[in-house]
Amino acid sequence: MSTTLQQPKASADQDPTPTESGDLRKKRRRPTSVPARILVTAGLAVAAIYFLFPVYWIVVAATKNAGDLFGTSGLLFNNPHLLRNLGDVLTFNSSIYLRWVGNSLLYSGVGSVVATVVSVAGGYCLAKFPFRGREAVFNVFLAGVMIPGTALALPLFLLMSNVGLVNTVWAVLLPSLVSPFGVYLARIYASAAVPDSVIEAARLDGAGEFRIFFTLVLRMMMPAAVTVLLFQFVGIWNNYFLPLVMLSDQKLYPITLGLVSWQSVSDRHPELYQLTIGGALLSVIPLMIAIVSLQRFWRAGLTEGSVKG
């Protein structure tokens, strides 16, 4: 008596074959429709024009003399004198603009570097060192993020006046050495990017806390540090209200306050209007250099995070 072997039937809950699973994935991944892509591209183009239009206008305006500035279209080049205009900016009033540039670099450079180190160290401590009142301290920094800088200008002026630092470099520099937002960002990043096992291994090898921070933690937190550095640098560079309250000596002005001082008297001295435009164009160059030179640290941080298991 012979028996016939029957092929087992595929059950409903059996895994699909590789070909079938590939077909299912192709069905799920439907290409974006052409109208949707056109709308997205058009939206991005409009946003790019919106943000780049002021840059284009100031470049065109900086090439014109005082007569052409108001007598010709602001969107078209007409008999450009860019180098001559920028030269006038740099040499006007015994090169006071170069002094303002130096002051802005001092305030922004020192303030951003010190604030970055303090913020990264503070965020790391709040993330990795348990102590009584840690959450209360973090909430204080979080409250500092929510308070606008203009609301603190008057209390800071009274404080600096009591210690005799008004109308000095320290009146602008000292408030720039602390960044509540930097501490907040550093704590969030340290909680996710700094493994406890690495810290414990370094301690078992005999490394001290300062050595662990400067040789291990600071490198792992480099993307967050660069972010804090750029935010603080741009914020100090563009700060206007605090120097306005603290300073009365024109030689201590940053670029923002100096350009406003030119613009405020341009109705009596029309040539200062052109100098203000040229100075504004020059003032964005350090910001562009800082962003372009530091963006590689962001790319390195993203690449490092994409290969971690």
# chains A, B, ... in the order shown; residues from 1 in each chain; ligands from 1
$ closest_atom_pairs --of "segment 62-137 of chain A" --to "segment 235-242 of chain A" --cutoff "12 Å" --atoms "only C-alpha atoms" --output "tab-separated table"
residue	atom	partner	partner_atom	distance
A:Trp100	CA	A:Trp237	CA	11.0
A:Val101	CA	A:Trp237	CA	9.8
A:Gly102	CA	A:Trp237	CA	11.2
A:Asn103	CA	A:Trp237	CA	9.7
A:Ser104	CA	A:Trp237	CA	6.0
A:Leu105	CA	A:Trp237	CA	7.7
A:Leu106	CA	A:Trp237	CA	9.7
A:Tyr107	CA	A:Ile236	CA	6.9
A:Ser108	CA	A:Ile236	CA	5.2
A:Gly109	CA	A:Ile236	CA	8.9
A:Val110	CA	A:Ile236	CA	10.2
A:Gly111	CA	A:Ile236	CA	7.7
A:Ser112	CA	A:Ile236	CA	7.8
A:Val113	CA	A:Ile236	CA	11.5
A:Ala115	CA	A:Ile236	CA	11.0
$ residues_around --residues "Ser73 of chain A" --least-positions-apart "3" --cutoff "12 Å" --atoms "only C-alpha atoms" --output "PyMOL selection string"
chain A and resi 57+60-61+64+67-70+76-78
$ closest_residue --among "A:Val228, A:Leu82, A:Leu247, A:Val284" --to "Val169 of chain A" --atoms "only C-alpha atoms"
A:Leu247
$ residues_around --residues "Val226 of chain A" --least-positions-apart "6" --cutoff "12 Å" --atoms "only C-alpha atoms" --output "list in words"
Ser112, Val113, Ala115, Thr116, Val117, Ser119, Val120, Gly182, Leu185, Ala186, Leu218, Arg219, Met220, Gln232, Phe233, Ala290, Ile291, Val292, Ser293, Leu294, Gln295, Arg296, Phe297, Trp298, Arg299, Ala300 and Gly301 of chain A
$ residues_around --residues "Gly123 of chain A" --least-positions-apart "6" --cutoff "9 Å" --atoms "only C-alpha atoms" --output "PyMOL selection string"
chain A and resi 138+182-191
$ write_last_selection --atoms "N, CA and C atoms" --output "JSON list (two decimals), in the first residue's frame"
[["chain", "number", "residue", "atom", "x", "y", "z"],
["A", 138, "PHE", "N", 18.48, 73.15, 38.74],
["A", 138, "PHE", "CA", 18.16, 73.11, 37.31],
["A", 138, "PHE", "C", 16.95, 73.96, 36.99],
["A", 182, "GLY", "N", 22.48, 77.70, 27.77],
["A", 182, "GLY", "CA", 23.60, 76.78, 27.55],
["A", 182, "GLY", "C", 23.64, 75.67, 28.59],
["A", 183, "VAL", "N", 23.38, 76.01, 29.85],
["A", 183, "VAL", "CA", 23.35, 74.99, 30.90],
["A", 183, "VAL", "C", 22.21, 74.00, 30.66],
["A", 184, "TYR", "N", 21.06, 74.52, 30.28],
["A", 184, "TYR", "CA", 19.92, 73.65, 29.99],
["A", 184, "TYR", "C", 20.24, 72.70, 28.83],
["A", 185, "LEU", "N", 20.77, 73.22, 27.74],
["A", 185, "LEU", "CA", 21.09, 72.40, 26.58],
["A", 185, "LEU", "C", 22.18, 71.38, 26.91],
["A", 186, "ALA", "N", 23.19, 71.80, 27.67],
["A", 186, "ALA", "CA", 24.29, 70.89, 28.02],
["A", 186, "ALA", "C", 23.81, 69.76, 28.91],
["A", 187, "ARG", "N", 22.90, 70.03, 29.81],
["A", 187, "ARG", "CA", 22.40, 68.94, 30.66],
["A", 187, "ARG", "C", 21.62, 67.91, 29.84],
["A", 188, "ILE", "N", 20.77, 68.39, 28.95],
["A", 188, "ILE", "CA", 20.00, 67.47, 28.12],
["A", 188, "ILE", "C", 20.94, 66.62, 27.25],
["A", 189, "TYR", "N", 21.94, 67.25, 26.68],
["A", 189, "TYR", "CA", 22.85, 66.53, 25.79],
["A", 189, "TYR", "C", 23.73, 65.55, 26.59],
["A", 190, "ALA", "N", 24.20, 65.97, 27.76],
["A", 190, "ALA", "CA", 25.06, 65.09, 28.56],
["A", 190, "ALA", "C", 24.30, 63.86, 29.03],
["A", 191, "SER", "N", 23.03, 64.00, 29.34],
["A", 191, "SER", "CA", 22.24, 62.85, 29.78],
["A", 191, "SER", "C", 22.15, 61.78, 28.71]]
$ atom_distance --atom1 "atom CA of Ala62 of chain A" --atom2 "atom CA of Leu259 of chain A"
14.2 Å
$ atom_distance --atom1 "atom CA of Gln250 of chain A" --atom2 "atom CA of Leu287 of chain A"
22.9 Å
$ select_by_dssp --residues "segment 159-289 of chain A" --states "helix (DSSP H, G or I)" --output "NGL selection string"
:A and (159-162 or 169-177 or 180-193 or 196-204 or 209-220 or 222-237 or 241-246 or 250-252 or 255-264 or 271-283 or 285-289)
$ closest_residue --among "A:Ala136, A:Ala224, A:Leu275, A:Val245" --to "Ala153 of chain A" --atoms "only C-alpha atoms"
A:Val245
$ atom_distance --atom1 "atom CA of Val89 of chain A" --atom2 "atom CA of Leu272 of chain A"
9.1 Å
$ closest_residue --among "A:Ala47, A:Val265, A:Leu216, A:Leu173" --to "Leu252 of chain A" --atoms "only C-alpha atoms"
A:Leu173
$ closest_residue --among "A:Ile285, A:Met146, A:Ala127, A:Ala121" --to "Phe181 of chain A" --atoms "only C-alpha atoms"
A:Met146
$ closest_residue --among "A:Met221, A:Val118, A:Leu282, A:Val163" --to "Val194 of chain A" --atoms "only C-alpha atoms"
A:Met221
